[in-house]
Amino acid sequence: MHEAASTDIPANAGRYYQHGWHSWSVTGWRPRDVAPRYPSVAAHRIHFTDPTHLDDVRPGGSALGAIETGEGEVRLLGSLGVDGWVTAEPDRLVGEGPGPWFEAEGKEAEVFGSYADALQDRLGARTGGAGPIWCSWYSHYRDITESAMLKIIQDLGDLAFAVIQVDDGWQRANGDWEPNDDFTSGMVAMAEQVRATGRIPGLWLAPFVADEQSELVAAHPEMVLRDDDGAPVAAAYNWGQSTYALDVTRPDVLEWLDDLIRRVVGWGYGYLKLDFIFAGAMPGRRFASVGREAGYRNAIQVVREAAGDDVYLLACGAPIIPSIGVFDGIRVGPDVAEYWDNVDRTHHMGDRAGPGAADAITTTLGRYWLRSLIDIDPDVAYFRSRYNLLTPAQRQSLVDLAHVCDFRATSDPPAWLDPAERAALEQFLVSHPRIEQTDRYRFLVDDRKADFTDIAESRPW
Ligand code: 9PG
């Protein structure tokens, strides 16, 4: 461990490991001589990386950075605490933040493994798996309804799902966490329907944001995080209006959060997908004078305390390092989609943090070293050919990735599957193949080779 957060880059060094700020932010091995690109659209910029580093001239990453120093060898500089950032200067990696700082050189898997061990000593770890999850997002999106859910619950029959999770679309507004008119029987009744099948009810929430037009913002504008000019800080634009970040260092916000989490757990939900929570670490003028990620970590500890130890907490859109030891699982890549790549967005607009299977796979594998600290969620696999542009081989890559990560989820409604597809899903849910990593992007799944090299190596920087 070092106090001085800087390490030389040898003259013959290879690529640089860039670690994206939150779940969706681009992560992987990039050329050092290519200047970083940043998306130009505000709605994309907000998710792309730590907003205080948008437009940095040098490549950089959240908490850690590494460089290839020889065949299979790397040198890593990483923060063992929150609020760390590493920049790749031409001749050295430079760490900023409170640290303490960790430095190691050697075989790639060993170096990342010992960094993970050192992080565990400081931040703890929680792993254990949620069991297979059926999630409503990647089929019904925001149009999910109570009647669609009831049909799905029925059609799932005895498929071996442990969790049935309602995603975005049930709430009146972000901030107003009560059921909307599409869930007329309410969320307690929905949880009871899931429980009756012997499964754990799951619910999506975005507890650190509130829509501009929500009742919460109307009633409590003081809860919203402000910039230096006193203007509300937006954390998303994808609900047809601005969605604001809450100041999660305010005592009244923490009390409101405690109450919210206790309420939804009281409704019967044992699995919570907490989304857009990077909002808790957005730049702004906070009530408490703490680092952005320190304030975030304190708030998620309040959430954990309110949920209790037995509720599975999945973080999504979450800053990675400050989430360790508090959440059970974390999304480690951008959203998958029923298509491979949105070339307009990824190649032409320089934004690989948006939905698409190719970048979900690549960023997830870039975060594979985290698996001893927290369950790594690669997002859903698809078994359906209906409403799906993915080829069978592309769908298989997502299935392999789920096995490699030991995290199984899908959004396919059984009614959309033909008999062969349903049989494949059935098999997926109960199989636990032996996984062996043989190279950065190569694995053995039982005795079959799963090689993601061509996918990961062909993504643009
Ligand atoms: C619900 C979804 C699903 C999904 C999450 C998250 O505008 N955006 O850039 C944007 C990025 C990600 C995103 C939605 C919008 O997806 O990852 O699984 O829960 O929210 O809204």
# chains A, B, ... in the order shown; residues from 1 in each chain; ligands from 1
call {"tool": "residues_near_ligand", "arguments": {"ligand": "ligand 1", "cutoff": "6 Å", "atoms": "only C-alpha atoms and all ligand atoms", "output": "compact mmCIF listing (two decimals) with all heavy atoms, in the first residue's frame"}}
result
# COMPACT_ATOMS: atom_id res chain seq x y z
N HIS A 44 -27.20 11.29 -22.83
CA HIS A 44 -26.21 10.22 -22.86
C HIS A 44 -25.01 10.56 -21.97
O HIS A 44 -24.45 9.70 -21.30
CB HIS A 44 -25.72 9.96 -24.28
CG HIS A 44 -26.79 9.46 -25.21
ND1 HIS A 44 -26.59 9.29 -26.55
CD2 HIS A 44 -28.07 9.09 -24.96
CE1 HIS A 44 -27.71 8.83 -27.10
NE2 HIS A 44 -28.62 8.71 -26.15
N TRP A 137 -38.63 -6.09 -17.52
CA TRP A 137 -38.19 -4.98 -18.35
C TRP A 137 -38.00 -5.33 -19.82
O TRP A 137 -38.53 -4.66 -20.70
CB TRP A 137 -36.89 -4.37 -17.79
CG TRP A 137 -36.47 -3.14 -18.56
CD1 TRP A 137 -35.38 -3.02 -19.37
CD2 TRP A 137 -37.16 -1.89 -18.61
NE1 TRP A 137 -35.33 -1.76 -19.92
CE2 TRP A 137 -36.41 -1.05 -19.46
CE3 TRP A 137 -38.33 -1.39 -18.01
CZ2 TRP A 137 -36.80 0.26 -19.75
CZ3 TRP A 137 -38.73 -0.08 -18.30
CH2 TRP A 137 -37.95 0.72 -19.15
N ASP A 167 -40.47 -4.54 -12.98
CA ASP A 167 -39.51 -3.46 -13.24
C ASP A 167 -40.25 -2.12 -13.39
O ASP A 167 -41.45 -2.01 -13.06
CB ASP A 167 -38.68 -3.80 -14.50
CG ASP A 167 -37.26 -3.25 -14.44
OD1 ASP A 167 -37.08 -2.04 -14.71
OD2 ASP A 167 -36.33 -4.02 -14.11
N ASP A 168 -39.56 -1.11 -13.84
CA ASP A 168 -40.08 0.24 -14.08
C ASP A 168 -41.43 0.18 -14.80
O ASP A 168 -41.56 -0.52 -15.80
CB ASP A 168 -39.02 0.96 -14.94
CG ASP A 168 -39.35 2.41 -15.21
OD1 ASP A 168 -40.33 2.93 -14.63
OD2 ASP A 168 -38.61 3.02 -15.99
N ASN A 238 -35.11 10.27 -19.16
CA ASN A 238 -35.81 9.27 -19.97
C ASN A 238 -37.22 8.94 -19.51
O ASN A 238 -37.76 7.92 -19.89
CB ASN A 238 -34.96 8.01 -20.13
CG ASN A 238 -34.41 7.52 -18.82
OD1 ASN A 238 -33.79 8.28 -18.10
ND2 ASN A 238 -34.65 6.27 -18.51
N CYS A 316 -28.21 -1.02 -9.53
CA CYS A 316 -28.15 -0.83 -10.99
C CYS A 316 -27.88 0.64 -11.25
O CYS A 316 -28.37 1.51 -10.52
CB CYS A 316 -29.47 -1.28 -11.61
SG CYS A 316 -29.45 -1.36 -13.40
N ASP A 335 -27.31 -1.92 -20.32
CA ASP A 335 -28.42 -2.81 -20.61
C ASP A 335 -28.13 -3.67 -21.84
O ASP A 335 -27.56 -3.19 -22.81
CB ASP A 335 -29.69 -2.00 -20.91
CG ASP A 335 -30.25 -1.31 -19.68
OD1 ASP A 335 -29.51 -1.18 -18.68
OD2 ASP A 335 -31.42 -0.90 -19.74
N GLY A 354 -24.88 2.84 -23.74
CA GLY A 354 -26.30 2.61 -24.02
C GLY A 354 -26.60 1.13 -24.23
O GLY A 354 -25.69 0.30 -24.22
call {"tool": "closest_atom_pairs", "arguments": {"of": "range 50-167 of chain A", "to": "range 279-285 of chain A", "cutoff": "9 Å", "atoms": "only C-alpha atoms", "output": "CSV"}}
result
residue,atom,partner,partner_atom,distance
A:Asp50,CA,A:Met282,CA,8.1
A:Pro51,CA,A:Pro283,CA,7.3
A:Thr52,CA,A:Pro283,CA,7.1
call {"tool": "select_by_dssp", "arguments": {"residues": "range 12-247 of chain A", "states": "strand (DSSP E)", "output": "number ranges by chain"}}
result
A: 16-18, 28-30, 60-62, 64-70, 73-79, 85-88, 92-96, 101-107, 133-135, 163-166, 171-173, 176-179, 200-205, 209-211, 234-236, 243-245
call {"tool": "closest_residue", "arguments": {"among": "A:Ala219, A:Tyr387, A:Tyr368, A:Asp182", "to": "Trp416 in chain A", "atoms": "only C-alpha atoms"}}
result
A:Tyr387
call {"tool": "closest_residue", "arguments": {"among": "A:Val336, A:Ala415, A:Ala210, A:Ile455", "to": "Ile153 in chain A", "atoms": "only C-alpha atoms"}}
result
A:Ala415
call {"tool": "closest_residue", "arguments": {"among": "A:Gly366, A:Gly317, A:Gly129, A:Gly157", "to": "Phe452 in chain A", "atoms": "only C-alpha atoms"}}
result
A:Gly366
call {"tool": "residues_around", "arguments": {"residues": "range 203-207 of chain A", "least_positions_apart": "5", "cutoff": "10 Å", "atoms": "only C-alpha atoms", "output": "CSV table (one decimal) with all heavy atoms, in the first residue's frame"}}
result
chain,number,residue,atom,x,y,z
A,135,CYS,N,-37.6,-10.9,-14.9
A,135,CYS,CA,-37.7,-9.5,-14.8
A,135,CYS,C,-38.6,-8.9,-15.9
A,135,CYS,O,-38.4,-9.4,-17.0
A,135,CYS,CB,-36.3,-8.9,-14.8
A,135,CYS,SG,-36.1,-7.2,-15.3
A,136,SER,N,-39.4,-8.0,-15.6
A,136,SER,CA,-40.4,-7.6,-16.7
A,136,SER,C,-39.9,-6.6,-17.7
A,136,SER,O,-40.5,-6.4,-18.7
A,136,SER,CB,-41.6,-6.9,-16.0
A,136,SER,OG,-41.2,-5.7,-15.3
A,137,TRP,N,-38.6,-6.1,-17.5
A,137,TRP,CA,-38.2,-5.0,-18.4
A,137,TRP,C,-38.0,-5.3,-19.8
A,137,TRP,O,-38.5,-4.7,-20.7
A,137,TRP,CB,-36.9,-4.4,-17.8
A,137,TRP,CG,-36.5,-3.1,-18.6
A,137,TRP,CD1,-35.4,-3.0,-19.4
A,137,TRP,CD2,-37.2,-1.9,-18.6
A,137,TRP,NE1,-35.3,-1.8,-19.9
A,137,TRP,CE2,-36.4,-1.1,-19.5
A,137,TRP,CE3,-38.3,-1.4,-18.0
A,137,TRP,CZ2,-36.8,0.3,-19.7
A,137,TRP,CZ3,-38.7,-0.1,-18.3
A,137,TRP,CH2,-37.9,0.7,-19.2
A,163,VAL,N,-37.1,-15.7,-8.3
A,163,VAL,CA,-37.6,-14.3,-8.1
A,163,VAL,C,-38.4,-13.9,-9.3
A,163,VAL,O,-38.1,-14.2,-10.4
A,163,VAL,CB,-36.4,-13.4,-8.0
A,163,VAL,CG1,-36.9,-11.9,-7.8
A,163,VAL,CG2,-35.5,-13.7,-6.8
A,164,ILE,N,-39.6,-13.3,-9.1
A,164,ILE,CA,-40.3,-12.6,-10.1
A,164,ILE,C,-40.4,-11.1,-9.8
A,164,ILE,O,-40.9,-10.7,-8.8
A,164,ILE,CB,-41.7,-13.2,-10.3
A,164,ILE,CG1,-41.7,-14.7,-10.6
A,164,ILE,CG2,-42.5,-12.5,-11.3
A,164,ILE,CD1,-43.0,-15.4,-10.7
A,165,GLN,N,-39.7,-10.4,-10.7
A,165,GLN,CA,-39.5,-8.9,-10.4
A,165,GLN,C,-40.2,-8.0,-11.4
A,165,GLN,O,-40.0,-8.1,-12.6
A,165,GLN,CB,-38.0,-8.7,-10.4
A,165,GLN,CG,-37.6,-7.3,-10.1
A,165,GLN,CD,-36.8,-6.6,-11.2
A,165,GLN,OE1,-35.9,-7.2,-11.8
A,165,GLN,NE2,-37.2,-5.4,-11.6
A,166,VAL,N,-41.0,-7.1,-10.8
A,166,VAL,CA,-41.7,-6.1,-11.6
A,166,VAL,C,-40.7,-4.9,-11.7
A,166,VAL,O,-40.2,-4.4,-10.8
A,166,VAL,CB,-43.0,-5.6,-10.9
A,166,VAL,CG1,-43.6,-4.5,-11.7
A,166,VAL,CG2,-43.9,-6.7,-10.6
A,167,ASP,N,-40.5,-4.5,-13.0
A,167,ASP,CA,-39.5,-3.5,-13.2
A,167,ASP,C,-40.3,-2.1,-13.4
A,167,ASP,O,-41.4,-2.0,-13.1
A,167,ASP,CB,-38.7,-3.8,-14.5
A,167,ASP,CG,-37.3,-3.3,-14.4
A,167,ASP,OD1,-37.1,-2.0,-14.7
A,167,ASP,OD2,-36.3,-4.0,-14.1
A,168,ASP,N,-39.6,-1.1,-13.8
A,168,ASP,CA,-40.1,0.2,-14.1
A,168,ASP,C,-41.4,0.2,-14.8
A,168,ASP,O,-41.6,-0.5,-15.8
A,168,ASP,CB,-39.0,1.0,-14.9
A,168,ASP,CG,-39.4,2.4,-15.2
A,168,ASP,OD1,-40.3,2.9,-14.6
A,168,ASP,OD2,-38.6,3.0,-16.0
A,169,GLY,N,-42.4,0.9,-14.3
A,169,GLY,CA,-43.7,1.0,-15.0
A,169,GLY,C,-44.9,0.8,-14.0
A,169,GLY,O,-46.0,1.1,-14.4
A,170,TRP,N,-44.6,0.5,-12.8
A,170,TRP,CA,-45.7,0.2,-11.8
A,170,TRP,C,-46.0,1.5,-11.0
A,170,TRP,O,-47.1,1.6,-10.4
A,170,TRP,CB,-45.3,-0.9,-10.8
A,170,TRP,CG,-44.1,-0.6,-9.9
A,170,TRP,CD1,-42.8,-0.8,-10.2
A,170,TRP,CD2,-44.2,0.1,-8.7
A,170,TRP,NE1,-42.0,-0.3,-9.2
A,170,TRP,CE2,-42.8,0.2,-8.2
A,170,TRP,CE3,-45.2,0.5,-7.8
A,170,TRP,CZ2,-42.5,0.8,-7.0
A,170,TRP,CZ3,-44.9,1.1,-6.6
A,170,TRP,CH2,-43.5,1.2,-6.2
A,171,GLN,N,-45.0,2.4,-11.0
A,171,GLN,CA,-45.1,3.6,-10.0
A,171,GLN,C,-45.9,4.7,-10.6
A,171,GLN,O,-45.9,4.9,-11.8
A,171,GLN,CB,-43.7,4.0,-9.6
A,171,GLN,CG,-42.9,4.7,-10.6
A,171,GLN,CD,-42.2,3.8,-11.7
A,171,GLN,OE1,-42.6,2.7,-11.9
A,171,GLN,NE2,-41.2,4.4,-12.4
A,174,ASN,N,-41.5,8.7,-10.5
A,174,ASN,CA,-40.3,8.5,-9.7
A,174,ASN,C,-40.3,9.5,-8.6
A,174,ASN,O,-40.4,10.7,-8.8
A,174,ASN,CB,-39.0,8.7,-10.6
A,174,ASN,CG,-38.9,7.6,-11.6
A,174,ASN,OD1,-39.1,6.4,-11.4
A,174,ASN,ND2,-38.7,8.1,-12.9
A,175,GLY,N,-40.3,9.0,-7.4
A,175,GLY,CA,-40.5,9.8,-6.2
A,175,GLY,C,-41.8,9.5,-5.5
A,175,GLY,O,-41.9,9.6,-4.3
A,176,ASP,N,-42.8,9.2,-6.4
A,176,ASP,CA,-44.1,8.9,-5.8
A,176,ASP,C,-44.3,7.4,-5.9
A,176,ASP,O,-44.9,6.9,-6.9
A,176,ASP,CB,-45.2,9.6,-6.6
A,176,ASP,CG,-45.0,11.1,-6.6
A,176,ASP,OD1,-44.3,11.6,-5.6
A,176,ASP,OD2,-45.6,11.8,-7.5
A,177,TRP,N,-43.8,6.7,-5.0
A,177,TRP,CA,-43.7,5.2,-5.0
A,177,TRP,C,-44.9,4.5,-4.5
A,177,TRP,O,-45.0,3.8,-3.5
A,177,TRP,CB,-42.4,4.8,-4.3
A,177,TRP,CG,-41.2,5.3,-4.9
A,177,TRP,CD1,-40.4,6.3,-4.4
A,177,TRP,CD2,-40.6,5.0,-6.2
A,177,TRP,NE1,-39.4,6.6,-5.3
A,177,TRP,CE2,-39.5,5.8,-6.4
A,177,TRP,CE3,-41.0,4.1,-7.2
A,177,TRP,CZ2,-38.7,5.7,-7.6
A,177,TRP,CZ3,-40.2,4.0,-8.3
A,177,TRP,CH2,-39.1,4.8,-8.5
A,187,MET,N,-49.7,-3.1,-4.8
A,187,MET,CA,-48.4,-3.9,-4.8
A,187,MET,C,-48.4,-5.0,-3.8
A,187,MET,O,-47.6,-5.9,-3.9
A,187,MET,CB,-47.2,-2.9,-4.7
A,187,MET,CG,-47.1,-1.9,-5.8
A,187,MET,SD,-47.5,-2.5,-7.5
A,187,MET,CE,-46.0,-3.4,-7.9
A,191,ALA,N,-47.4,-8.8,-4.8
A,191,ALA,CA,-46.4,-9.6,-4.0
A,191,ALA,C,-47.1,-10.9,-3.6
A,191,ALA,O,-46.4,-12.0,-3.6
A,191,ALA,CB,-45.9,-8.8,-2.8
A,245,ALA,N,-31.8,14.4,-9.1
A,245,ALA,CA,-31.1,13.7,-8.0
A,245,ALA,C,-31.6,14.3,-6.7
A,245,ALA,O,-31.8,15.5,-6.6
A,245,ALA,CB,-29.6,13.9,-8.2
A,246,LEU,N,-31.7,13.4,-5.7
A,246,LEU,CA,-32.0,13.9,-4.4
A,246,LEU,C,-30.6,14.1,-3.6
A,246,LEU,O,-29.6,13.4,-4.0
A,246,LEU,CB,-32.8,12.8,-3.6
A,246,LEU,CG,-34.2,12.5,-4.2
A,246,LEU,CD1,-34.9,11.4,-3.3
A,246,LEU,CD2,-35.0,13.8,-4.3
A,248,VAL,N,-28.8,13.0,-0.9
A,248,VAL,CA,-29.0,11.9,0.0
A,248,VAL,C,-28.1,12.1,1.2
A,248,VAL,O,-28.0,11.2,2.1
A,248,VAL,CB,-28.6,10.5,-0.7
A,248,VAL,CG1,-29.6,10.2,-1.8
A,248,VAL,CG2,-27.2,10.4,-1.1
A,256,TRP,N,-36.7,9.8,4.8
A,256,TRP,CA,-37.7,9.5,3.7
A,256,TRP,C,-37.3,8.1,3.1
A,256,TRP,O,-38.2,7.3,2.8
A,256,TRP,CB,-37.7,10.6,2.7
A,256,TRP,CG,-38.6,10.4,1.5
A,256,TRP,CD1,-40.0,10.7,1.4
A,256,TRP,CD2,-38.2,9.8,0.3
A,256,TRP,NE1,-40.4,10.3,0.2
A,256,TRP,CE2,-39.4,9.8,-0.5
A,256,TRP,CE3,-37.0,9.4,-0.2
A,256,TRP,CZ2,-39.3,9.3,-1.8
A,256,TRP,CZ3,-37.0,8.9,-1.5
A,256,TRP,CH2,-38.1,8.9,-2.3
A,257,LEU,N,-36.0,8.0,2.9
A,257,LEU,CA,-35.5,6.7,2.3
A,257,LEU,C,-35.7,5.5,3.2
A,257,LEU,O,-36.2,4.5,2.7
A,257,LEU,CB,-34.0,6.8,2.0
A,257,LEU,CG,-33.5,7.5,0.7
A,257,LEU,CD1,-32.0,7.7,0.8
A,257,LEU,CD2,-33.9,6.6,-0.5
A,260,LEU,N,-39.3,4.7,3.0
A,260,LEU,CA,-39.7,4.1,1.7
A,260,LEU,C,-39.3,2.6,1.6
A,260,LEU,O,-40.1,1.8,1.3
A,260,LEU,CB,-39.0,4.9,0.6
A,260,LEU,CG,-39.0,4.2,-0.8
A,260,LEU,CD1,-40.4,4.2,-1.4
A,260,LEU,CD2,-38.1,5.0,-1.8
A,261,ILE,N,-38.1,2.3,2.0
A,261,ILE,CA,-37.6,1.0,1.9
A,261,ILE,C,-38.3,0.1,2.9
A,261,ILE,O,-38.7,-1.0,2.5
A,261,ILE,CB,-36.0,0.9,2.2
A,261,ILE,CG1,-35.3,1.8,1.1
A,261,ILE,CG2,-35.5,-0.5,2.2
A,261,ILE,CD1,-35.4,1.3,-0.3
A,264,VAL,N,-41.8,-0.7,1.2
A,264,VAL,CA,-41.9,-1.7,0.1
A,264,VAL,C,-41.5,-3.1,0.6
A,264,VAL,O,-42.0,-4.1,0.2
A,264,VAL,CB,-41.1,-1.3,-1.1
A,264,VAL,CG1,-41.6,0.0,-1.7
A,264,VAL,CG2,-39.6,-1.2,-0.8
A,265,VAL,N,-40.6,-3.2,1.6
A,265,VAL,CA,-40.3,-4.5,2.2
A,265,VAL,C,-41.5,-5.0,2.9
A,265,VAL,O,-41.9,-6.2,2.9
A,265,VAL,CB,-39.0,-4.4,3.1
A,265,VAL,CG1,-38.9,-5.7,3.9
A,265,VAL,CG2,-37.8,-4.1,2.2
A,268,GLY,N,-44.1,-6.8,1.1
A,268,GLY,CA,-43.8,-8.2,0.8
A,268,GLY,C,-42.7,-8.5,-0.2
A,268,GLY,O,-42.5,-9.7,-0.6
A,269,TYR,N,-41.9,-7.5,-0.6
A,269,TYR,CA,-40.9,-7.7,-1.6
A,269,TYR,C,-39.5,-8.0,-0.9
A,269,TYR,O,-39.1,-7.3,0.0
A,269,TYR,CB,-40.7,-6.4,-2.4
A,269,TYR,CG,-42.0,-6.3,-3.3
A,269,TYR,CD1,-43.1,-5.6,-2.8
A,269,TYR,CD2,-42.0,-6.9,-4.5
A,269,TYR,CE1,-44.2,-5.5,-3.6
A,269,TYR,CE2,-43.2,-6.9,-5.3
A,269,TYR,CZ,-44.3,-6.2,-4.8
A,269,TYR,OH,-45.5,-6.1,-5.5
A,270,GLY,N,-39.0,-9.2,-1.3
A,270,GLY,CA,-37.7,-9.7,-0.7
A,270,GLY,C,-36.5,-9.5,-1.6
A,270,GLY,O,-35.4,-9.9,-1.3
A,271,TYR,N,-36.8,-8.8,-2.8
A,271,TYR,CA,-35.7,-8.6,-3.7
A,271,TYR,C,-36.0,-7.2,-4.3
A,271,TYR,O,-37.1,-6.9,-4.9
A,271,TYR,CB,-35.8,-9.6,-4.8
A,271,TYR,CG,-34.9,-9.5,-6.0
A,271,TYR,CD1,-33.7,-10.3,-6.1
A,271,TYR,CD2,-35.2,-8.6,-7.1
A,271,TYR,CE1,-32.9,-10.1,-7.2
A,271,TYR,CE2,-34.3,-8.5,-8.1
A,271,TYR,CZ,-33.2,-9.2,-8.2
A,271,TYR,OH,-32.4,-9.1,-9.3
A,272,LEU,N,-35.0,-6.3,-4.2
A,272,LEU,CA,-35.2,-4.9,-4.7
A,272,LEU,C,-34.1,-4.6,-5.7
A,272,LEU,O,-32.9,-4.8,-5.4
A,272,LEU,CB,-35.1,-3.9,-3.6
A,272,LEU,CG,-36.2,-4.0,-2.4
A,272,LEU,CD1,-36.0,-2.9,-1.4
A,272,LEU,CD2,-37.6,-4.0,-3.0
A,273,LYS,N,-34.5,-4.2,-6.9
A,273,LYS,CA,-33.6,-3.7,-7.9
A,273,LYS,C,-33.6,-2.2,-7.8
A,273,LYS,O,-34.6,-1.5,-8.1
A,273,LYS,CB,-34.0,-4.1,-9.3
A,273,LYS,CG,-33.2,-3.5,-10.4
A,273,LYS,CD,-33.6,-4.1,-11.8
A,273,LYS,CE,-33.0,-3.5,-13.0
A,273,LYS,NZ,-33.5,-4.0,-14.3
A,274,LEU,N,-32.5,-1.6,-7.2
A,274,LEU,CA,-32.4,-0.2,-7.0
A,274,LEU,C,-31.6,0.5,-8.1
A,274,LEU,O,-30.4,0.2,-8.2
A,274,LEU,CB,-31.8,0.1,-5.6
A,274,LEU,CG,-32.5,-0.6,-4.4
A,274,LEU,CD1,-31.8,-0.4,-3.1
A,274,LEU,CD2,-34.0,-0.2,-4.4
A,275,ASP,N,-32.3,1.3,-8.9
A,275,ASP,CA,-31.8,1.7,-10.2
A,275,ASP,C,-31.4,3.2,-10.1
A,275,ASP,O,-31.9,4.0,-9.3
A,275,ASP,CB,-32.8,1.5,-11.2
A,275,ASP,CG,-32.2,1.3,-12.6
A,275,ASP,OD1,-31.0,1.5,-12.8
A,275,ASP,OD2,-33.0,1.0,-13.6
A,276,PHE,N,-30.6,3.7,-11.1
A,276,PHE,CA,-30.2,5.1,-11.2
A,276,PHE,C,-29.7,5.6,-9.9
A,276,PHE,O,-29.8,6.8,-9.6
A,276,PHE,CB,-31.4,5.9,-11.6
A,276,PHE,CG,-31.8,5.7,-13.1
A,276,PHE,CD1,-32.7,4.7,-13.5
A,276,PHE,CD2,-31.3,6.5,-14.1
A,276,PHE,CE1,-33.0,4.5,-14.8
A,276,PHE,CE2,-31.6,6.3,-15.4
A,276,PHE,CZ,-32.5,5.3,-15.8
A,277,ILE,N,-29.0,4.8,-9.2
A,277,ILE,CA,-28.5,5.3,-7.8
A,277,ILE,C,-27.2,6.0,-7.9
A,277,ILE,O,-26.8,6.6,-6.9
A,277,ILE,CB,-28.5,4.1,-6.8
A,277,ILE,CG1,-27.8,2.9,-7.3
A,277,ILE,CG2,-29.9,3.8,-6.4
A,277,ILE,CD1,-27.7,1.9,-6.2
A,279,ALA,N,-27.2,8.7,-9.0
A,279,ALA,CA,-27.8,10.0,-8.7
A,279,ALA,C,-27.4,10.4,-7.3
A,279,ALA,O,-27.2,11.6,-7.0
A,279,ALA,CB,-29.3,10.0,-8.8
A,280,GLY,N,-27.2,9.5,-6.4
A,280,GLY,CA,-26.7,9.8,-5.0
A,280,GLY,C,-25.3,10.3,-4.9
A,280,GLY,O,-24.9,10.7,-3.8
A,303,VAL,N,-30.2,2.4,3.5
A,303,VAL,CA,-31.1,1.6,2.8
A,303,VAL,C,-31.0,0.1,3.3
A,303,VAL,O,-32.0,-0.6,3.5
A,303,VAL,CB,-30.8,1.7,1.3
A,303,VAL,CG1,-31.5,0.6,0.5
A,303,VAL,CG2,-31.3,3.0,0.7
A,314,LEU,N,-30.2,-5.5,-5.3
A,314,LEU,CA,-29.4,-5.5,-6.5
A,314,LEU,C,-29.3,-4.0,-6.9
A,314,LEU,O,-30.3,-3.3,-7.0
A,314,LEU,CB,-30.2,-6.2,-7.6
A,314,LEU,CG,-29.5,-6.1,-9.0
A,314,LEU,CD1,-28.2,-6.9,-9.0
A,314,LEU,CD2,-30.5,-6.6,-10.1
A,315,ALA,N,-28.0,-3.6,-7.0
A,315,ALA,CA,-27.8,-2.2,-7.4
A,315,ALA,C,-27.7,-2.1,-9.0
A,315,ALA,O,-27.1,-3.0,-9.6
A,315,ALA,CB,-26.4,-1.7,-6.8
A,316,CYS,N,-28.2,-1.0,-9.5
A,316,CYS,CA,-28.2,-0.8,-11.0
A,316,CYS,C,-27.9,0.6,-11.2
A,316,CYS,O,-28.4,1.5,-10.5
A,316,CYS,CB,-29.5,-1.3,-11.6
A,316,CYS,SG,-29.4,-1.4,-13.4
A,317,GLY,N,-27.1,0.9,-12.3
A,317,GLY,CA,-26.7,2.3,-12.5
A,317,GLY,C,-26.0,2.8,-11.2
A,317,GLY,O,-26.2,3.9,-10.8
call {"tool": "closest_residue", "arguments": {"among": "A:His403, A:His53, A:Arg32, A:Arg263", "to": "Asn12 in chain A", "atoms": "only C-alpha atoms"}}
result
A:Arg32
call {"tool": "residues_around", "arguments": {"residues": "Thr127 in chain A", "least_positions_apart": "4", "cutoff": "6 Å", "atoms": "only C-alpha atoms", "output": "list in words"}}
result
Asp328, Ile374 and Asp375 of chain A
